[in-house]
4 protein chains.
Amino acid sequence: MTLKVAIAGVTGYSGEELLKILAYHPGVEITYVSAKQERSQKIQEIFPYLKGVLDLDCRVWDPEEACKAADMVFLSLPHSVSMASVPAVLKRGKKVIDISADYRFSEAGDYPRIYGFEHTDPVNLKQAVYGLPEMNRKAIGAARLLANPGCYPTGALLGLLPVHRMGLKLKSPCIIDAKSGVTGAGRKASKALMFPEVQENFRAYKVQAHPHEEEIKTHLGPVGWPGIAFVPHLLPVRRGILSTIYLQTEGPVIAEEVRKHAESIYAKEPFVRVLPEGSFPELAHVRGTNQCHIGIGFKERTQTLIVVTAIDNLQKGASGQAVQNMNIMCGLEETAGLR
Amino acid sequence: MTLKVAIAGVTGYSGEELLKILAYHPGVEITYVSAKQERSQKIQEIFPYLKGVLDLDCRVWDPEEACKAADMVFLSLPHSVSMASVPAVLKRGKKVIDISADYRFSEAGDYPRIYGFEHTDPVNLKQAVYGLPEMNRKAIGAARLLANPGCYPTGALLGLLPVHRMGLKLKSPCIIDAKSGVTGAGRKASKALMFPEVQENFRAYKVQAHPHEEEIKTHLGPVGWPGIAFVPHLLPVRRGILSTIYLQTEGPVIAEEVRKHAESIYAKEPFVRVLPEGSFPELAHVRGTNQCHIGIGFKERTQTLIVVTAIDNLQKGASGQAVQNMNIMCGLEETAGLR
Amino acid sequence: MTLKVAIAGVTGYSGEELLKILAYHPGVEITYVSAKQERSQKIQEIFPYLKGVLDLDCRVWDPEEACKAADMVFLSLPHSVSMASVPAVLKRGKKVIDISADYRFSEAGDYPRIYGFEHTDPVNLKQAVYGLPEMNRKAIGAARLLANPGCYPTGALLGLLPVHRMGLKLKSPCIIDAKSGVTGAGRKASKALMFPEVQENFRAYKVQAHPHEEEIKTHLGPVGWPGIAFVPHLLPVRRGILSTIYLQTEGPVIAEEVRKHAESIYAKEPFVRVLPEGSFPELAHVRGTNQCHIGIGFKERTQTLIVVTAIDNLQKGASGQAVQNMNIMCGLEETAGLR
Amino acid sequence: MTLKVAIAGVTGYSGEELLKILAYHPGVEITYVSAKQERSQKIQEIFPYLKGVLDLDCRVWDPEEACKAADMVFLSLPHSVSMASVPAVLKRGKKVIDISADYRFSEAGDYPRIYGFEHTDPVNLKQAVYGLPEMNRKAIGAARLLANPGCYPTGALLGLLPVHRMGLKLKSPCIIDAKSGVTGAGRKASKALMFPEVQENFRAYKVQAHPHEEEIKTHLGPVGWPGIAFVPHLLPVRRGILSTIYLQTEGPVIAEEVRKHAESIYAKEPFVRVLPEGSFPELAHVRGTNQCHIGIGFKERTQTLIVVTAIDNLQKGASGQAVQNMNIMCGLEETAGLR
């Protein structure tokens with residue numbers, strides 16, 4: 001039996017990636033797509049490479065129409081826009097996967113501080129499930145409203161999970177030095193992201209505060225750590241996030257034990273790979289895949305545990321993970337459409 | 001009066017950059033250049049853009065000839081190769097600036113562990129001066145043998161100097177997450193540095209240990225810090241190093257004070273600029289210049305002081321700094337040839 | 001029934017691409033792979049992303065072993081190396097697809113002039129079929145030895161075929177200005193293809209003569225045109241070839257007619273798309289696909305017909321096309337494994 | 001004596017490049033700069049790297065103020081905007097160099113067709129001098145209003161000049177296949193020029209018609225050639241234009257003669273270099289310089305003469321050439337500020 005799906009917002013980078021994955025997903029039929037536009041047009045006119053693959057009108061977003069056409073609705077809309085549509089979809093009994101940040105925090109009160117807007121759908125916040133399968137698979141299976149994780153948090157949390165689960169205590173804040181490709185910033189025209197400004201350049205940004213720092217802290221759970229300091233940087237690449245994480249543990253750490261623990265908790269995960277000793281991930285190895293690669297090292301003299309993770313920000317960091325979540329929510333093979 | 005200079009090794013990236021700078025230096029005449037090659041050829045044949053600028057034979061390296069032709073000799077040779085030529089140049093009473101790592105550590109015993117070779121010129125090690133002008137200007141002025149700093153150490157030390165000079169104590173190791181362009185690896189053909197391997201890629205390397213970590217520690221001096229953990233990464237850019245430094249200080253830190261201190265110690269430095277609050281450096285702003293830009297931030301909640309520095313690895317990180325050192329050693333205007 | 005295939009030379013760019021495509025091909029089992037190396041090792045050690053996908057030893061090339069294990073043998077070996085193995089494979093009754101240039105010309109006498117080597121297998125040259133399906137599908141279906149086309153010729157011939165089939169006469173030589181990504185040059189370490197040499201650079205190369213010019217001429221067939229002038233350029237991208245073709249036809253040309261003709265001859269081709277009026281192809285639209293996009297324009301005042309084609313050099317320009325040929329030769333669905 | 005100059009429009013790519021060149025020009029003082037902005041601000045706030053180099057207010061454009069402050073006014077304004085200011089500057093007796101296209105055609109009637117606007121200053125069109133020094137040096141010396149050439153025309157005309165001056169006749173249209181870096185498109189935010197759209201991409205654009213095709217034809221003068229077909233492409237690099245020019249001459253051509261002729265007419269040109277036989281230019285060799293490199297080849301079999309030229313589009317293709325023109329117009333050393 002084929003699952004009917006709708007996608008709102010197919011012309012952003014995440015929306016387009018979602019469309020590409022779902023168009024070839026063996027268990028799915030795309031029955032409705034929308035984009036920010038004046039009027040409907042053929043999806044093949046927007047993405048000529050879909051000619052012969054998908055024949056569908058791309059419409060002006062209408063939740064009611066989407067719910068008539070589909071049983072699962074993906075919202076690939078800007079932050080603060082998704083929450084205006086979620087209630088309408090849930091009311092019609094359809095499942096929702098929201099790729100924006102609108103349901104990643106369960107407290108409505110957090111949104112003004114973190115994202116600068118008031119949350120208009122506090123009721124549904126409570127039932128939203130945070131969609132990191134490696135942490136939350138069971139709850140995801142039962143979810144009706146899924147908050148798909150942010151790209152940076154996905155890479156960071158998958159690296160921190162093993163350390164966290166081992167119950168290692170930290171003597172000082174956990175440092176996350178993260179580097180992302182440009183598609184992470186979305187598809188809006190912006191002078192700062194024009195080719196001549198990014199090529200041969202590199203810089204830190206939002207050093208003081210980034211909403212993803214809050215997301216990482218919130219979803220790592222109560223660990224008693226002295227905090228997390230997250231600094232993002234902009235890489236001159238299209239896709240990919242590499243996070244270098246520095247941890248000063250209390251008491252002696254044996255890196256080998258951390259790696260073994262990581263291997264054990266991820267042993268059955270289809271999309272996480274712990275690299276052998278001395279190996280560290282690189283963006284090229286995860287590009288275009290839904291995988292997260294994890295390398296673990298140890299600086300003897302400073303007793304610093306180092307965890308490096310790499311993901312493709314549009315796959316495991318957004319749309320690939322959304323499809324993985326859909327598969328879990330709808331009882332499909334978890335890897336379907338993602339190989 | 002014009003200073004006569006010789007350059008050994010002009011076909012590497014540092015050597016070529018040195019040649020370009022010195023060819024337009026108003027107080028210098030290049031009288032001898034060499035490259036690794038079978039026989040002499042015209043320098044304009046190797047670098048056609050020098051036609052009309054420099055008419056010179058590029059020779060097979062011979063320290064004696066170089067000393068006859070010049071009063072200052074630059075060695076832009078591979079690590080462990082420079083030390084075979086330094087004694088010959090010093091014996092003839094000429095000054096040497098060594099761009100390799102061969103004289104950056106004063107203890108001969110450090111070389112086998114750090115670089116994997118036995119030092120064959122321990123005597124001259126003792127008189128070598130480490131050429132970071134912002135730290136060492138006076139000693140540089142008197143030097144006969146100058147060890148030009150490594151690229152990563154230059155960016156790191158200029159960021160750490162203000163904190164160090166304030167006498168701030170750290171509660172945990174100083175983390176230096178550094179990212180370098182590909183010219184930092186030199187001009188040898190290597191599969192891992194071919195265009196298709198680097199483009200759209202990013203990775204950490206030498207995570208466990210890198211000789212530049214030792215160089216930073218050694219030259220920062222006795223600070224009583226709980227160590228320095230340095231992790232380099234390879235950026236898909238030609239030139240530039242950006243270092244993000246994380247410091248957990250004992251007692252309250254006021255970032256504003258650190259910035260003021262940095263502004264004050266660098267106030268008269270021609271090549272260091274401390275950026276205003278909220279601004280952080282980017283590679284594009286230092287590309288092709290001998291400048292180091294420094295941004296200082298503070299993560300309130302984790303009390304993490306963040307120092308970000310950017311340099312051009314071939315200029316301030318190598319050949320620009322070598323020329324700055326030459327200017328100081330030879331009584332020229334410090335900025336001559338570097339604007 | 002599953003087709004058993006062997007691949008010689010999996011560590012080059014074409015070989016690796018072939019391996020990636022075939023590993024997910026629904027009708028194929030890879031039973032033998034080899035690489036240039038001292039001794040066998042696990043394929044997952046060479047390409048860690050194959051862990052869980054393919055469990056196989058990567059061996060030192062031995063045609064006899066390959067023929068025991070497989071019914072179809074792909075040779076992704078350097079030019080002049082393939083021809084040493086082809087006879088051994090054919091003798092054992094197995095089919096061969098050769099990705100090198102060794103069987104692209106049917107006259108042994110052409111090789112010294114074009115490629116600088118003597119051909120050692122002139123007998124089998126006669127039975128080799130040139131594997132451009134859009135030109136040669138029937139012969140490909142019957143082939144035992146297939147010469148997979150060069151990357152530039154694939155892009156050029158697909159652009160020229162409609163004009164040629166219309167019987168249009170040219171008043172002056174056909175100009176092909178072609179631009180290729182760096183993987184087209186193979187995976188050998190080379191100073192000229194190091195990242196710092198290619199990034200932010202662009203240049204023409206082999207202006208006077210390139211073997212692919214001969215290949216285009218030979219396979220276009222007797223057209224009575226006043227020659228073809230082909231000039232390749234090196235693009236700072238990993239993958240992709242864009243060819244801009246200039247044609248001065250005798251008598252009036254109606255571009256619209258050429259486009260209609262192109263649409264008609266390619267109407268049933270699964271991998272060729274003729275773009276609508278005013279649209280021209282770009283590398284991004286064919287990246288990672290086996291497609292060729294074709295744009296057709298006309299410069300009114302000079303009466304110049306312009307045909308622009310884009311392909312991914314590792315897919316339609318090499319390994320994707322090789323798989324398409326395998327599908328045809330072995331009676332599989334032509335698009336299998338290539339969507 | 002120092003020349004006082006004003007620059008209108010310093011925040012575009014050409015304007016910024018002009019500012020950088022003139023800030024270090026030994027014979028020039030920048031006394032007025034403007035940008036499109038709400039109110040004046042310090043130029044060092046816009047371009048922090050100018051701190052210590054240039055201390056000046058960047059103003060809202062006012063021709064009267066500019067003329068009070070300076071004797072030479074550079075207009076680095078958008079097409080159709082410059083012509084509104086030129087009369088005011090000329091009336092005050094000051095010289096103007098216009099970097100836009102507004103004065104490149106002497107016939108007012110050409111502008112609607114080529115650029116889509118009516119020319120509002122037809123009177124001054126007549127006295128404007130087209131500023132390609134290698135073609136027009138004498139007239140430039142006497143000019144009061146200089147139309148600085150377009151980037152593509154500069155690269156094309158310098159390649160065509162030798163052939164043209166030899167009086168070679170063509171049998172078929174001259175083909176110019178040109179490839180430009182992204183700064184050529186200016187600094188306006190545009191989705192199509194965002195980093196993720198350009199990186200790893202390449203495409204032809206404005207295939208049917210580009211105003212620079214008209215500019216090349218107009219300024220090459222009456223040659224009796226059967227037309228020029230110009231097709232521009234967008235390269236994933238920041239700076240640089242490489243033009244590959246194809247010429248079918250009547251009667252036999254000896255490429256060697258063309259090269260000799262080129263060498264002779266450019267022998268005294270400070271910024272044009274004809275490369276030796278078998279050498280062709282590359283962007284890396286002209287990057288950041290005001291040079292044009294020219295390679296000349298010949299395809300024996302098709303009798304096609306091939307001329308390849310490379311320039312930096314912001315230097316010789318715009319602001320470097322503007323300064324060269326200023327030097328000529330004001331009696332300064334032609335190369336001043338451009339080495």
# chains A, B, ... in the order shown; residues from 1 in each chain; ligands from 1
$ interface_residues --of "chain A" --to "chain C" --cutoff "12 Å" --atoms "only C-alpha atoms" --output "PyMOL selection string"
chain A and resi 20-21+23-25+45-53+195-196+199-200+236-238+267-276+279-282+284-293+338-339
$ residues_around --residues "Thr302 (chain A)" --least-positions-apart "2" --cutoff "12 Å" --atoms "only C-alpha atoms" --output "number ranges by chain"
A: 246-249, 252-253, 298-300, 304-306; B: 171-175, 208-209, 213, 217, 225-230
$ write_last_selection --atoms "N, CA, C and O atoms" --output "mmCIF file, in the first residue's frame"
data_model
loop_
_atom_site.group_PDB
_atom_site.id
_atom_site.type_symbol
_atom_site.label_atom_id
_atom_site.label_comp_id
_atom_site.auth_asym_id
_atom_site.auth_seq_id
_atom_site.Cartn_x
_atom_site.Cartn_y
_atom_site.Cartn_z
ATOM 1 N N TYR A 246 34.658 19.241 21.802
ATOM 2 C CA TYR A 246 35.747 19.118 22.788
ATOM 3 C C TYR A 246 35.151 18.899 24.171
ATOM 4 O O TYR A 246 34.333 19.696 24.630
ATOM 5 N N LEU A 247 35.585 17.829 24.845
ATOM 6 C CA LEU A 247 35.026 17.480 26.153
ATOM 7 C C LEU A 247 36.135 17.217 27.162
ATOM 8 O O LEU A 247 37.032 16.405 26.910
ATOM 9 N N GLN A 248 36.068 17.900 28.309
ATOM 10 C CA GLN A 248 37.019 17.644 29.399
ATOM 11 C C GLN A 248 36.272 16.848 30.466
ATOM 12 O O GLN A 248 35.450 17.403 31.193
ATOM 13 N N THR A 249 36.526 15.574 30.528
ATOM 14 C CA THR A 249 35.763 14.747 31.466
ATOM 15 C C THR A 249 36.413 14.731 32.841
ATOM 16 O O THR A 249 37.627 14.912 32.972
ATOM 17 N N PRO A 252 39.590 9.844 34.754
ATOM 18 C CA PRO A 252 40.260 9.401 33.535
ATOM 19 C C PRO A 252 39.258 8.870 32.520
ATOM 20 O O PRO A 252 38.301 8.189 32.883
ATOM 21 N N VAL A 253 39.487 9.217 31.265
ATOM 22 C CA VAL A 253 38.645 8.694 30.187
ATOM 23 C C VAL A 253 39.501 7.784 29.333
ATOM 24 O O VAL A 253 40.661 8.098 29.072
ATOM 25 N N PHE A 298 41.469 11.410 21.270
ATOM 26 C CA PHE A 298 41.788 11.797 22.641
ATOM 27 C C PHE A 298 43.136 12.482 22.622
ATOM 28 O O PHE A 298 44.104 11.951 22.080
ATOM 29 N N LYS A 299 43.189 13.696 23.181
ATOM 30 C CA LYS A 299 44.472 14.385 23.288
ATOM 31 C C LYS A 299 45.024 14.031 24.669
ATOM 32 O O LYS A 299 44.532 14.554 25.691
ATOM 33 N N GLU A 300 45.994 13.167 24.675
ATOM 34 C CA GLU A 300 46.584 12.633 25.907
ATOM 35 C C GLU A 300 46.917 13.737 26.913
ATOM 36 O O GLU A 300 46.446 13.740 28.051
ATOM 37 N N THR A 304 41.784 15.723 26.683
ATOM 38 C CA THR A 304 40.599 16.214 25.974
ATOM 39 C C THR A 304 40.036 15.131 25.059
ATOM 40 O O THR A 304 40.759 14.599 24.208
ATOM 41 N N LEU A 305 38.795 14.825 25.273
ATOM 42 C CA LEU A 305 38.110 13.886 24.396
ATOM 43 C C LEU A 305 37.583 14.677 23.200
ATOM 44 O O LEU A 305 36.986 15.748 23.373
ATOM 45 N N ILE A 306 37.822 14.158 22.009
ATOM 46 C CA ILE A 306 37.408 14.882 20.804
ATOM 47 C C ILE A 306 36.485 14.011 19.973
ATOM 48 O O ILE A 306 36.827 12.876 19.647
ATOM 49 N N LYS B 171 40.853 27.578 33.753
ATOM 50 C CA LYS B 171 40.382 26.435 34.541
ATOM 51 C C LYS B 171 40.506 25.128 33.779
ATOM 52 O O LYS B 171 40.498 24.062 34.368
ATOM 53 N N SER B 172 40.532 25.240 32.467
ATOM 54 C CA SER B 172 40.631 24.016 31.671
ATOM 55 C C SER B 172 41.477 24.317 30.442
ATOM 56 O O SER B 172 41.755 25.481 30.145
ATOM 57 N N PRO B 173 41.881 23.286 29.714
ATOM 58 C CA PRO B 173 42.803 23.531 28.600
ATOM 59 C C PRO B 173 42.229 24.523 27.590
ATOM 60 O O PRO B 173 41.016 24.595 27.372
ATOM 61 N N CYS B 174 43.129 25.254 27.016
ATOM 62 C CA CYS B 174 42.786 26.186 25.936
ATOM 63 C C CYS B 174 42.550 25.358 24.678
ATOM 64 O O CYS B 174 43.392 24.549 24.288
ATOM 65 N N ILE B 175 41.382 25.568 24.038
ATOM 66 C CA ILE B 175 41.042 24.823 22.820
ATOM 67 C C ILE B 175 41.289 25.717 21.612
ATOM 68 O O ILE B 175 40.764 26.834 21.552
ATOM 69 N N GLN B 208 45.241 13.916 16.714
ATOM 70 C CA GLN B 208 45.972 13.521 17.940
ATOM 71 C C GLN B 208 47.173 14.437 18.216
ATOM 72 O O GLN B 208 47.401 14.827 19.351
ATOM 73 N N ALA B 209 47.923 14.776 17.178
ATOM 74 C CA ALA B 209 49.136 15.564 17.406
ATOM 75 C C ALA B 209 49.573 16.261 16.132
ATOM 76 O O ALA B 209 49.542 15.667 15.055
ATOM 77 N N GLU B 213 51.174 22.409 17.455
ATOM 78 C CA GLU B 213 50.686 22.449 18.837
ATOM 79 C C GLU B 213 51.864 22.677 19.787
ATOM 80 O O GLU B 213 51.808 23.505 20.690
ATOM 81 N N LYS B 217 52.700 26.005 22.254
ATOM 82 C CA LYS B 217 52.991 25.851 23.683
ATOM 83 C C LYS B 217 54.348 26.416 24.054
ATOM 84 O O LYS B 217 54.508 27.148 25.026
ATOM 85 N N TRP B 225 49.006 27.396 32.422
ATOM 86 C CA TRP B 225 47.711 26.958 31.923
ATOM 87 C C TRP B 225 47.649 25.426 31.907
ATOM 88 O O TRP B 225 48.675 24.766 31.740
ATOM 89 N N PRO B 226 46.440 24.903 32.015
ATOM 90 C CA PRO B 226 46.332 23.438 31.981
ATOM 91 C C PRO B 226 46.423 22.864 30.564
ATOM 92 O O PRO B 226 45.744 21.889 30.258
ATOM 93 N N GLY B 227 47.255 23.426 29.765
ATOM 94 C CA GLY B 227 47.494 22.839 28.446
ATOM 95 C C GLY B 227 46.729 23.479 27.308
ATOM 96 O O GLY B 227 45.823 24.297 27.501
ATOM 97 N N ILE B 228 47.158 23.106 26.131
ATOM 98 C CA ILE B 228 46.571 23.630 24.892
ATOM 99 C C ILE B 228 46.215 22.441 24.004
ATOM 100 O O ILE B 228 47.058 21.575 23.771
ATOM 101 N N ALA B 229 44.976 22.401 23.546
ATOM 102 C CA ALA B 229 44.552 21.333 22.629
ATOM 103 C C ALA B 229 44.252 21.961 21.285
ATOM 104 O O ALA B 229 43.333 22.770 21.152
ATOM 105 N N PHE B 230 45.041 21.587 20.297
ATOM 106 C CA PHE B 230 44.988 22.209 18.972
ATOM 107 C C PHE B 230 44.511 21.172 17.956
ATOM 108 O O PHE B 230 45.079 20.086 17.865
#
$ closest_residue --among "B:Ser190, B:Tyr152, B:Asp177, B:Val123" --to "Val231 (chain A)" --atoms "only C-alpha atoms"
B:Asp177
$ select_by_dssp --residues "region 120-155 of chain A" --states "helix (DSSP H, G or I)" --output "PyMOL selection string"
chain A and resi 122-125+133-141+151-155
$ write_last_selection --atoms "N, CA, C and O atoms" --output "PDB file, in the first residue's frame"
ATOM      1  N   PRO A 122       0.329  26.867  21.158  1.00  0.00           N
ATOM      2  CA  PRO A 122       0.941  26.225  22.326  1.00  0.00           C
ATOM      3  C   PRO A 122       0.342  24.859  22.644  1.00  0.00           C
ATOM      4  O   PRO A 122       1.039  23.987  23.159  1.00  0.00           O
ATOM      5  N   VAL A 123      -0.914  24.654  22.298  1.00  0.00           N
ATOM      6  CA  VAL A 123      -1.557  23.377  22.605  1.00  0.00           C
ATOM      7  C   VAL A 123      -0.834  22.210  21.937  1.00  0.00           C
ATOM      8  O   VAL A 123      -0.482  21.212  22.568  1.00  0.00           O
ATOM      9  N   ASN A 124      -0.593  22.344  20.651  1.00  0.00           N
ATOM     10  CA  ASN A 124       0.014  21.230  19.928  1.00  0.00           C
ATOM     11  C   ASN A 124       1.488  21.033  20.259  1.00  0.00           C
ATOM     12  O   ASN A 124       2.051  19.963  20.027  1.00  0.00           O
ATOM     13  N   LEU A 125       2.117  22.085  20.769  1.00  0.00           N
ATOM     14  CA  LEU A 125       3.522  21.958  21.195  1.00  0.00           C
ATOM     15  C   LEU A 125       3.710  20.739  22.086  1.00  0.00           C
ATOM     16  O   LEU A 125       4.731  20.047  22.020  1.00  0.00           O
ATOM     17  N   PRO A 133      15.754   9.947  15.435  1.00  0.00           N
ATOM     18  CA  PRO A 133      15.416   8.534  15.630  1.00  0.00           C
ATOM     19  C   PRO A 133      16.381   7.817  16.577  1.00  0.00           C
ATOM     20  O   PRO A 133      15.953   6.966  17.356  1.00  0.00           O
ATOM     21  N   GLU A 134      17.652   8.151  16.538  1.00  0.00           N
ATOM     22  CA  GLU A 134      18.642   7.448  17.342  1.00  0.00           C
ATOM     23  C   GLU A 134      18.425   7.719  18.834  1.00  0.00           C
ATOM     24  O   GLU A 134      18.991   7.035  19.689  1.00  0.00           O
ATOM     25  N   MET A 135      17.613   8.710  19.151  1.00  0.00           N
ATOM     26  CA  MET A 135      17.400   9.081  20.547  1.00  0.00           C
ATOM     27  C   MET A 135      15.968   8.756  20.956  1.00  0.00           C
ATOM     28  O   MET A 135      15.678   8.509  22.105  1.00  0.00           O
ATOM     29  N   ASN A 136      15.089   8.751  19.991  1.00  0.00           N
ATOM     30  CA  ASN A 136      13.662   8.904  20.250  1.00  0.00           C
ATOM     31  C   ASN A 136      12.787   7.984  19.423  1.00  0.00           C
ATOM     32  O   ASN A 136      11.616   8.295  19.203  1.00  0.00           O
ATOM     33  N   ARG A 137      13.305   6.870  18.951  1.00  0.00           N
ATOM     34  CA  ARG A 137      12.600   6.103  17.926  1.00  0.00           C
ATOM     35  C   ARG A 137      11.188   5.695  18.337  1.00  0.00           C
ATOM     36  O   ARG A 137      10.252   5.776  17.556  1.00  0.00           O
ATOM     37  N   LYS A 138      11.058   5.280  19.589  1.00  0.00           N
ATOM     38  CA  LYS A 138       9.769   4.757  20.009  1.00  0.00           C
ATOM     39  C   LYS A 138       8.684   5.852  19.973  1.00  0.00           C
ATOM     40  O   LYS A 138       7.608   5.661  19.408  1.00  0.00           O
ATOM     41  N   ALA A 139       9.035   7.007  20.532  1.00  0.00           N
ATOM     42  CA  ALA A 139       8.070   8.111  20.541  1.00  0.00           C
ATOM     43  C   ALA A 139       7.743   8.554  19.113  1.00  0.00           C
ATOM     44  O   ALA A 139       6.604   8.916  18.805  1.00  0.00           O
ATOM     45  N   ILE A 140       8.731   8.498  18.255  1.00  0.00           N
ATOM     46  CA  ILE A 140       8.499   8.885  16.856  1.00  0.00           C
ATOM     47  C   ILE A 140       7.459   7.963  16.220  1.00  0.00           C
ATOM     48  O   ILE A 140       6.573   8.405  15.484  1.00  0.00           O
ATOM     49  N   GLY A 141       7.575   6.681  16.534  1.00  0.00           N
ATOM     50  CA  GLY A 141       6.642   5.716  15.965  1.00  0.00           C
ATOM     51  C   GLY A 141       5.187   6.039  16.295  1.00  0.00           C
ATOM     52  O   GLY A 141       4.277   5.724  15.530  1.00  0.00           O
ATOM     53  N   CYS A 151      19.700  21.248  11.662  1.00  0.00           N
ATOM     54  CA  CYS A 151      20.851  20.591  11.042  1.00  0.00           C
ATOM     55  C   CYS A 151      22.024  20.509  12.011  1.00  0.00           C
ATOM     56  O   CYS A 151      22.605  19.439  12.218  1.00  0.00           O
ATOM     57  N   TYR A 152      22.395  21.636  12.631  1.00  0.00           N
ATOM     58  CA  TYR A 152      23.501  21.601  13.599  1.00  0.00           C
ATOM     59  C   TYR A 152      23.192  20.665  14.770  1.00  0.00           C
ATOM     60  O   TYR A 152      24.046  19.862  15.155  1.00  0.00           O
ATOM     61  N   PRO A 153      21.984  20.760  15.371  1.00  0.00           N
ATOM     62  CA  PRO A 153      21.691  19.861  16.494  1.00  0.00           C
ATOM     63  C   PRO A 153      21.809  18.379  16.126  1.00  0.00           C
ATOM     64  O   PRO A 153      22.281  17.575  16.934  1.00  0.00           O
ATOM     65  N   THR A 154      21.414  18.013  14.911  1.00  0.00           N
ATOM     66  CA  THR A 154      21.526  16.602  14.525  1.00  0.00           C
ATOM     67  C   THR A 154      22.976  16.143  14.602  1.00  0.00           C
ATOM     68  O   THR A 154      23.291  15.114  15.215  1.00  0.00           O
ATOM     69  N   GLY A 155      23.872  16.908  13.986  1.00  0.00           N
ATOM     70  CA  GLY A 155      25.291  16.531  14.008  1.00  0.00           C
ATOM     71  C   GLY A 155      25.871  16.544  15.412  1.00  0.00           C
ATOM     72  O   GLY A 155      26.664  15.676  15.783  1.00  0.00           O
TER      73      GLY A 155
END
$ residues_around --residues "region 145-148 of chain A" --least-positions-apart "4" --cutoff "9 Å" --atoms "only C-alpha atoms" --output "ChimeraX atom specification"
/A:86,90,95-105,124-125,127-132,140,317-319,321-322,325-326,329
$ write_last_selection --atoms "C-alpha atoms" --output "PDB file, in the first residue's frame"
ATOM      1  CA  VAL A  86      -0.194  22.663  11.808  1.00  0.00           C
ATOM      2  CA  LEU A  90      -3.924  17.791  12.727  1.00  0.00           C
ATOM      3  CA  LYS A  95       0.121  13.404  10.349  1.00  0.00           C
ATOM      4  CA  VAL A  96       2.587  16.284  10.082  1.00  0.00           C
ATOM      5  CA  ILE A  97       6.354  16.473   9.857  1.00  0.00           C
ATOM      6  CA  ASP A  98       7.480  20.046  10.395  1.00  0.00           C
ATOM      7  CA  ILE A  99      10.969  20.849   9.092  1.00  0.00           C
ATOM      8  CA  SER A 100      10.966  24.334  10.625  1.00  0.00           C
ATOM      9  CA  ALA A 101      11.886  25.067  14.223  1.00  0.00           C
ATOM     10  CA  ASP A 102       8.291  25.759  15.275  1.00  0.00           C
ATOM     11  CA  TYR A 103       7.751  22.635  17.356  1.00  0.00           C
ATOM     12  CA  ARG A 104      11.259  21.804  18.527  1.00  0.00           C
ATOM     13  CA  PHE A 105      10.768  23.348  21.995  1.00  0.00           C
ATOM     14  CA  ASN A 124       0.014  21.230  19.928  1.00  0.00           C
ATOM     15  CA  LEU A 125       3.522  21.958  21.195  1.00  0.00           C
ATOM     16  CA  GLN A 127       2.270  16.523  21.624  1.00  0.00           C
ATOM     17  CA  ALA A 128       5.123  17.289  19.228  1.00  0.00           C
ATOM     18  CA  VAL A 129       7.852  14.649  19.177  1.00  0.00           C
ATOM     19  CA  TYR A 130      11.468  15.640  18.506  1.00  0.00           C
ATOM     20  CA  GLY A 131      12.487  13.558  15.530  1.00  0.00           C
ATOM     21  CA  LEU A 132      15.987  12.265  16.186  1.00  0.00           C
ATOM     22  CA  ILE A 140       8.499   8.885  16.856  1.00  0.00           C
ATOM     23  CA  GLY A 317      20.349  17.375   8.761  1.00  0.00           C
ATOM     24  CA  ALA A 318      16.900  17.999   7.241  1.00  0.00           C
ATOM     25  CA  SER A 319      15.006  16.153   4.521  1.00  0.00           C
ATOM     26  CA  GLN A 321      15.939  12.640   8.393  1.00  0.00           C
ATOM     27  CA  ALA A 322      12.366  13.802   7.741  1.00  0.00           C
ATOM     28  CA  ASN A 325      10.959   9.852  10.502  1.00  0.00           C
ATOM     29  CA  MET A 326       8.101   9.375   8.060  1.00  0.00           C
ATOM     30  CA  MET A 329       5.796   7.023  11.825  1.00  0.00           C
TER      31      MET A 329
END
$ residues_around --residues "Pro232 (chain B)" --least-positions-apart "2" --cutoff "12 Å" --atoms "only C-alpha atoms" --output "PyMOL selection string"
(chain A and resi 177+244) or (chain B and resi 151-153+156+175-182+184-185+202-213+229-230+234-235+241-245)
$ residues_around --residues "Leu18 (chain A)" --least-positions-apart "4" --cutoff "10 Å" --atoms "only C-alpha atoms" --output "ChimeraX atom specification"
/A:7,9-10,12-14,22-23,74,76,314-315,318-323
